[in-house]
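As structure tokens, the structure follows; a few thoughts come after it.
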Amino acid sequence: MKKKLVLIGNGMAGVYCIEQLLKLNPHRYQITIFGSEPHPNYNRILLSSVLQGNSSLKDIVLNDWDWYMDNGITLHAGHKVTKVNTSKKIVHTDSGISAPYDELILATGSLPFMLPLPGADKEGVIAFRDIQDCETMIETSKKFKKGIVIGGGLLGLEAARGLLNLHMDVTVVHLSGTIMDRQLDPTASLMLQRELENQGMKFLLEKNTEAILGGKRVTAVRFKDGSKVDADLVVMAVGIKPNTALARECGIEVNRAIVVDDYMQTSNPHVYAIGECAEHRGTVYGLVAPLFEQGAVLAKRLADVDGEGYQGSVVSAKLKVSEVNVFSAGQFSDSGDTRSVRVQDDFAGVYKKIVVKDGKIIGCILFGDTSDSSRIFALMRRGENIFGKEKEVLLGESAGGANISGVEFAAAMADDEIVCGCNGVPKGTIIQAIQEKGCTSVNDIKYCTKASGSCGGCKPLVADLLAHVLGDDGVTTVKEGICGCTSLGREEVVEAIRSMQLSTSKEVMNVLGWENPEGCSKCRPALNYYLGMVWPEEHADEQESRFVNERNHGNIQKDGTYSVVPRMYGGVTTPEDLRKISDVAIKYSAMVKITGGQRIDLLGIKKEDLPSVWGELDMPSGYAYGKALRTVKTCVGSTWCRFGTQDAIKMGTDLEKRLERINTPAKIKLAVSACPRNCAEATIKDFGVVAIDGGCELYVGGNGGTDVRKADLLVKVKTEEEVVEWAMAYVQHYRETANYNERTSKWVERIGLDKIKQALEKREDRLALKERIEHWLSFTKDPWKEIVENGELRKTFDMLPAPNLVGGPEL
């Protein structure tokens, strides 16, 4: 008869232990898991990636609901264990569920430390610890704009970067004079601060917070020096404390955390503890790699497999912020008995340092270039003597000696050494995947084992392991594709659609061998766009592949209602259209808002009312929800303004009418200014026209959003006909060569302005592009206009549930 094993805590440490146990002895236990969150096991360290918009909630799930079922595990998600009776060996939850056990694992993790400040209980003061915190930040960003993060460590900076991506004005408050002072020396800290300031982050260093101000909701933060700063949201990221309440209540020994021996056993012989709630030899670990190492040790003990006990861990840290690479491990500060090797290049933004004592690396910092982090960290963990090779370790062959081979280091690693710290994948698992499952590329390893599937920092080490087992000739180099489902890039996919006459997304995924036959939230809308771009006549738009806003022809708001934006060509409307808008707004209790793009936004429309609203407006959609032409902003022009040299309203209206309904890789915005005073802000638009004496200057690649970019001058033209010709040719060239979801600002930087000029400089090429875009437009019609004309409002309306606001754009 199977013994009963209960795990309290559905987090990374506990479930990793269960995974290893199932590999070692899958039939020994009847397993029950309790988790306080209503989610399957997910990668908590990648919450910052969700917040920053780089991943969806689905992307960070480590074990989905089916995994528990497939392994015969009873999961009680959303149930908090409130009592453990160690004499009767039974656990009880807040919902009345109880479960007996023979062996019990406490993996209760830690709780965020909230500063005991006056006002800390106000609305808008939160931690950054779980999915609910992510939801709160995302929701807050839709209504408020000023965010304060207290704590300039790893977690604080990741939270701050996420708030920046949510278009909030973010200030990081830190008690020390340098950020990430527990992981970086002053040199690296300053370089990091400069980089983050360039991204828009602000810093208040050497500030001691005294109080949170406001009424029911936070409005400001006051410091002990008397200064204060406005705030709509305060995120405390000042540390964590082990969650030991259950252990204390049932009489288990607790010091700073739950005291365990080398086999993770507590003072009760049938109760074990691992993770952030456990204290081993006086040390409590708050980083993920040690938790996996503990889980592997405990799995062997529970499986009755001989193994060495846990000896403690050498810890490392990585900052997960887009466009910033930071790695730190061990003792990074110099002292009297250490020596260091350093490389610093302020212009390239690179800083490298290793700290050596008695011939062994005891610490390192890598900023800007972290490609050698796995190799150097492996040397640290093994305590290998590098005497006489210190420079080669850091600098490679340029230091005057043979570089220490990464393959050699990979070969020397023990099978139970962790390669992928994010997902807890040891070397042995990767070797097994290579030898038994035929993996020959880093991509194969990612799908088989999850190694390199999160932050990607271990990819060089995974590649070294492949080379060690297969030899250089046996390793398959697979480049990154348009998403994780394929290694094919945009050009290859588009060429295959053309040459193989592929007509649907399903067909593309099947013929081109998608890893995930159903695709994902990145590739499905991309394939729908590419198919429509290649086959404008034949391709039937796949509504199921569009984002929910595009399907419903409205932008979903935080309360689940939608906003409706009818088109106003060049920002000009008529009394008749205003009356329609007014009547609809009154009838459906909508808020009326003038947008920055010179449109009228009707806010608060219920989902079920969207068909009627569009029908009663009987106006073209402004595509405020789409990857399409959003607006053409204009000034009043020479018709009204004494400074105007061109009729900006007419030119803008003409451009908008020619390009409305156009599908593009990402949203685009145009503007026409009638003189160099540039009242329409044409130089921060995707395509902008600035009238000058005797003609117009055409600007491209501008962006006024999060990543502000001033547009580049493309060309000067003399006539309005040339403006239209260049605009349509430019937009079509962008449509045909940009990656899906790539704004023109990024596209111009990637392609290069010179190449774009070269593609458009010959008039016959421009006219060919213009002809192709007009051909595509001839097959389009405003979807709501068509629905109104056909009288099929209700039949065609897509009644879909509101999207998961945490998981990114819902498909």
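Going by the structure tokens order, chains are called A, B, ..., each with residues numbered from 1, while ligands are numbered from 1 in the order shown.
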Item checked: Who sits within 6 Å of stretch 602-612 of chain A, only C-alpha atoms, same chain under 6 positions skipped, as a ChimeraX atom specification -> /A:561-564,590-592,793
Note to self: I need the residues in stretch 27-186 of chain A that are alpha helix (DSSP H) according to DSSP; give them as a VMD selection string.
What the structure shows: chain A and resid 47 to 51 65 to 70 131 to 141 154 to 165 186
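On the backbone of this structure, DSSP gives strand (DSSP E) within stretch 539-651 of chain A to Asn555, Ile556, Tyr562, Ser563, Val564, Met591, Val592, Lys593, Ile594, Ile600, Asp601, Leu602, Leu603, Gly604, Ile605, Leu629, Arg630, Thr631, Val632, Lys633 and Thr634 of chain A.
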Margin query: Applying 6 Å and only C-alpha atoms, which residues near stretch 6-23 of chain A remain after dropping the ones on its own chain fewer than 4 positions away? List them as a list in words.
Written below: Ile31, Thr32, Ile33, Phe34, Gly35, Asn41, Tyr101, Leu104, Ile105, Leu106, Ala107, Thr108, Gly275, Leu291, Phe292, Gly295, Ala296 and Ala299 of chain A
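When the distance limit is 8 Å and only C-alpha atoms are what count, the residues near stretch 436-443 of chain A, minus those fewer than 5 positions from it on the same chain, are Cys448, Ser452, Lys459, Val462, Ala463, Leu466, Leu470, Gly474, Val475, Thr476, Thr477 and Val478 of chain A.
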Next item on the list: Measuring atom to atom with only C-alpha atoms, identify which of A:Asp358, A:Glu135, A:Glu323, A:Asp647 is nearest to A:Thr338.
Entry: A:Asp358
Checklist line | Selection near A:Pro40, 10 Å with only C-alpha atoms, sequence-local residues under 5 positions removed, as a VMD selection string | finding: chain A and resid 10 to 11 35 61 to 68 75 to 78
Check: Hey, which of A:Ala526, A:Ala691, A:Val297, A:Ile148 ends up closest to A:Lys228? Count only C-alpha atoms.
Finding: A:Ile148
Notebook entry, point to check: What lies within 8 Å of A:Gln331 using only C-alpha atoms, ignoring chain neighbours under 6 positions off, as a PyMOL selection string?
Noted result: chain A and resi 355+362-364
Could the residues in this selection be written to a file with N, CA and C atoms, as an mmCIF file, in the first residue's frame?
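Output file again-v4.cif follows:
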```cif
data_model
loop_
_atom_site.group_PDB
_atom_site.id
_atom_site.type_symbol
_atom_site.label_atom_id
_atom_site.label_comp_id
_atom_site.auth_asym_id
_atom_site.auth_seq_id
_atom_site.Cartn_x
_atom_site.Cartn_y
_atom_site.Cartn_z
ATOM 1 N N VAL A 355 36.928 37.985 -8.360
ATOM 2 C CA VAL A 355 37.673 38.143 -7.114
ATOM 3 C C VAL A 355 38.281 36.788 -6.768
ATOM 4 N N ILE A 362 36.265 33.446 -5.757
ATOM 5 C CA ILE A 362 35.269 33.494 -4.676
ATOM 6 C C ILE A 362 34.133 34.463 -4.990
ATOM 7 N N GLY A 363 34.244 35.190 -6.092
ATOM 8 C CA GLY A 363 33.170 36.105 -6.457
ATOM 9 C C GLY A 363 33.360 36.650 -7.847
ATOM 10 N N CYS A 364 32.277 37.091 -8.456
ATOM 11 C CA CYS A 364 32.378 37.710 -9.778
ATOM 12 C C CYS A 364 31.200 38.634 -10.022
#
```
Margin query: Set the distance at 12 Å and use only C-alpha atoms: which residues neighbour A:Gly596 once local chain neighbours fewer than 3 positions away are removed? I'd like the list as a PyMOL selection string.
Written below: chain A and resi 571+593+599-601+624+630-634+669+671+680-681+704-705
Since we have the selection now, will you write its residues out, keeping all heavy atoms, as a tab-separated table (two decimals), in the first residue's frame?
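Below you can see result.tsv, which holds the result:
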```
chain	number	residue	atom	x	y	z
A	571	GLY	N	-8.92	64.38	-38.02
A	571	GLY	CA	-9.39	65.03	-36.80
A	571	GLY	C	-10.55	65.97	-37.03
A	571	GLY	O	-10.91	66.75	-36.15
A	593	LYS	N	-14.56	61.29	-24.26
A	593	LYS	CA	-13.18	61.73	-24.04
A	593	LYS	C	-12.55	62.10	-25.37
A	593	LYS	O	-12.64	61.37	-26.35
A	593	LYS	CB	-12.38	60.59	-23.39
A	593	LYS	CG	-10.88	60.80	-23.32
A	593	LYS	CD	-10.51	61.78	-22.22
A	593	LYS	CE	-8.99	61.83	-22.00
A	593	LYS	NZ	-8.23	62.34	-23.14
A	599	ARG	N	-9.49	62.48	-31.79
A	599	ARG	CA	-10.68	61.66	-31.99
A	599	ARG	C	-11.57	61.78	-30.74
A	599	ARG	O	-11.17	62.30	-29.72
A	599	ARG	CB	-10.32	60.18	-32.19
A	599	ARG	CG	-9.36	59.93	-33.34
A	599	ARG	CD	-10.01	60.22	-34.69
A	599	ARG	NE	-9.14	59.85	-35.80
A	599	ARG	CZ	-8.30	60.67	-36.39
A	599	ARG	NH1	-8.18	61.92	-35.98
A	599	ARG	NH2	-7.55	60.26	-37.40
A	600	ILE	N	-12.78	61.23	-30.82
A	600	ILE	CA	-13.68	61.17	-29.68
A	600	ILE	C	-13.81	59.71	-29.26
A	600	ILE	O	-14.13	58.85	-30.09
A	600	ILE	CB	-15.06	61.75	-30.01
A	600	ILE	CG1	-14.94	63.27	-30.22
A	600	ILE	CG2	-16.05	61.45	-28.90
A	600	ILE	CD1	-16.24	63.94	-30.60
A	601	ASP	N	-13.55	59.46	-27.99
A	601	ASP	CA	-13.57	58.11	-27.43
A	601	ASP	C	-14.81	57.98	-26.54
A	601	ASP	O	-15.03	58.80	-25.65
A	601	ASP	CB	-12.30	57.88	-26.61
A	601	ASP	CG	-12.08	56.43	-26.25
A	601	ASP	OD1	-12.96	55.61	-26.55
A	601	ASP	OD2	-11.02	56.11	-25.68
A	624	ALA	N	-8.97	51.96	-33.12
A	624	ALA	CA	-8.17	52.27	-31.93
A	624	ALA	C	-7.67	51.00	-31.25
A	624	ALA	O	-6.85	51.06	-30.36
A	624	ALA	CB	-9.00	53.09	-30.95
A	630	ARG	N	-4.04	54.07	-37.08
A	630	ARG	CA	-4.88	54.57	-36.00
A	630	ARG	C	-5.40	55.97	-36.33
A	630	ARG	O	-6.60	56.18	-36.40
A	630	ARG	CB	-4.07	54.62	-34.68
A	630	ARG	CG	-3.62	53.25	-34.18
A	630	ARG	CD	-4.76	52.49	-33.54
A	630	ARG	NE	-4.35	51.20	-33.00
A	630	ARG	CZ	-3.91	51.00	-31.76
A	630	ARG	NH1	-3.77	52.02	-30.93
A	630	ARG	NH2	-3.59	49.80	-31.35
A	631	THR	N	-4.49	56.91	-36.50
A	631	THR	CA	-4.91	58.30	-36.70
A	631	THR	C	-3.98	59.02	-37.67
A	631	THR	O	-2.82	58.62	-37.85
A	631	THR	CB	-4.89	59.08	-35.37
A	631	THR	OG1	-3.55	59.09	-34.86
A	631	THR	CG2	-5.81	58.45	-34.34
A	632	VAL	N	-4.49	60.06	-38.26
A	632	VAL	CA	-3.67	61.05	-38.98
A	632	VAL	C	-3.95	62.39	-38.32
A	632	VAL	O	-5.02	62.98	-38.51
A	632	VAL	CB	-3.98	61.10	-40.48
A	632	VAL	CG1	-3.09	62.14	-41.16
A	632	VAL	CG2	-3.77	59.73	-41.13
A	633	LYS	N	-3.02	62.83	-37.53
A	633	LYS	CA	-3.20	64.07	-36.77
A	633	LYS	C	-2.84	65.26	-37.65
A	633	LYS	O	-1.84	65.21	-38.38
A	633	LYS	CB	-2.31	64.03	-35.53
A	633	LYS	CG	-2.56	65.14	-34.53
A	633	LYS	CD	-1.74	64.90	-33.25
A	633	LYS	CE	-2.05	65.94	-32.20
A	633	LYS	NZ	-1.29	65.68	-30.95
A	634	THR	N	-3.63	66.31	-37.58
A	634	THR	CA	-3.36	67.49	-38.41
A	634	THR	C	-3.47	68.77	-37.59
A	634	THR	O	-4.15	68.81	-36.57
A	634	THR	CB	-4.36	67.58	-39.58
A	634	THR	OG1	-5.67	67.85	-39.06
A	634	THR	CG2	-4.37	66.31	-40.41
A	669	LYS	N	0.80	55.58	-36.79
A	669	LYS	CA	0.16	56.88	-36.66
A	669	LYS	C	0.86	57.85	-37.59
A	669	LYS	O	2.09	57.84	-37.70
A	669	LYS	CB	0.26	57.39	-35.21
A	669	LYS	CG	-0.44	56.49	-34.20
A	669	LYS	CD	-0.26	57.00	-32.77
A	669	LYS	CE	-0.92	56.07	-31.77
A	669	LYS	NZ	-0.75	56.54	-30.37
A	671	ALA	N	0.92	62.06	-39.18
A	671	ALA	CA	0.61	63.45	-38.83
A	671	ALA	C	1.04	64.36	-39.96
A	671	ALA	O	2.01	64.08	-40.67
A	671	ALA	CB	1.30	63.85	-37.53
A	680	ALA	N	1.25	69.47	-35.15
A	680	ALA	CA	0.69	68.11	-35.18
A	680	ALA	C	1.69	67.06	-34.71
A	680	ALA	O	1.40	65.87	-34.75
A	680	ALA	CB	0.19	67.77	-36.58
A	681	GLU	N	2.87	67.51	-34.28
A	681	GLU	CA	3.91	66.60	-33.74
A	681	GLU	C	4.30	65.53	-34.74
A	681	GLU	O	4.44	64.35	-34.41
A	681	GLU	CB	3.41	65.97	-32.43
A	681	GLU	CG	3.05	66.99	-31.37
A	681	GLU	CD	2.26	66.39	-30.21
A	681	GLU	OE1	1.63	65.33	-30.41
A	681	GLU	OE2	2.27	66.98	-29.13
A	704	GLY	N	6.25	58.34	-30.05
A	704	GLY	CA	6.04	59.19	-28.89
A	704	GLY	C	5.63	58.43	-27.66
A	704	GLY	O	5.20	59.01	-26.68
A	705	GLY	N	5.77	57.08	-27.68
A	705	GLY	CA	5.33	56.26	-26.57
A	705	GLY	C	6.40	56.06	-25.52
A	705	GLY	O	7.16	56.96	-25.17
```
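Atom CA of A:Lys716 sits 15.4 Å away from atom CA of A:Met728.
Among the candidates A:Ile212, A:Leu184, A:Ala682, A:Leu488, the residue lying nearest to A:Ile126 is A:Ile212 (atoms considered: only C-alpha atoms).
Candidate residues A:Lys3, A:Lys627, A:Arg339, A:Arg44 were compared for distance to A:His270, and the nearest is A:Lys3, using only C-alpha atoms.
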Margin query: One decimal, in Å: what's the spacing between atom CA of A:Gly177 and atom CA of A:Ile45?
Written below: 25.8 Å
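Atom pair atom CA of A:Asp473 / atom CA of A:Gln435 has a distance of 15.5 Å (rounded to one decimal).
Considering the residues A:Ala257, A:Asn198, A:Thr187, A:Gly124 and counting only C-alpha atoms, A:Val221 has its shortest atom-to-atom contact with A:Gly124.
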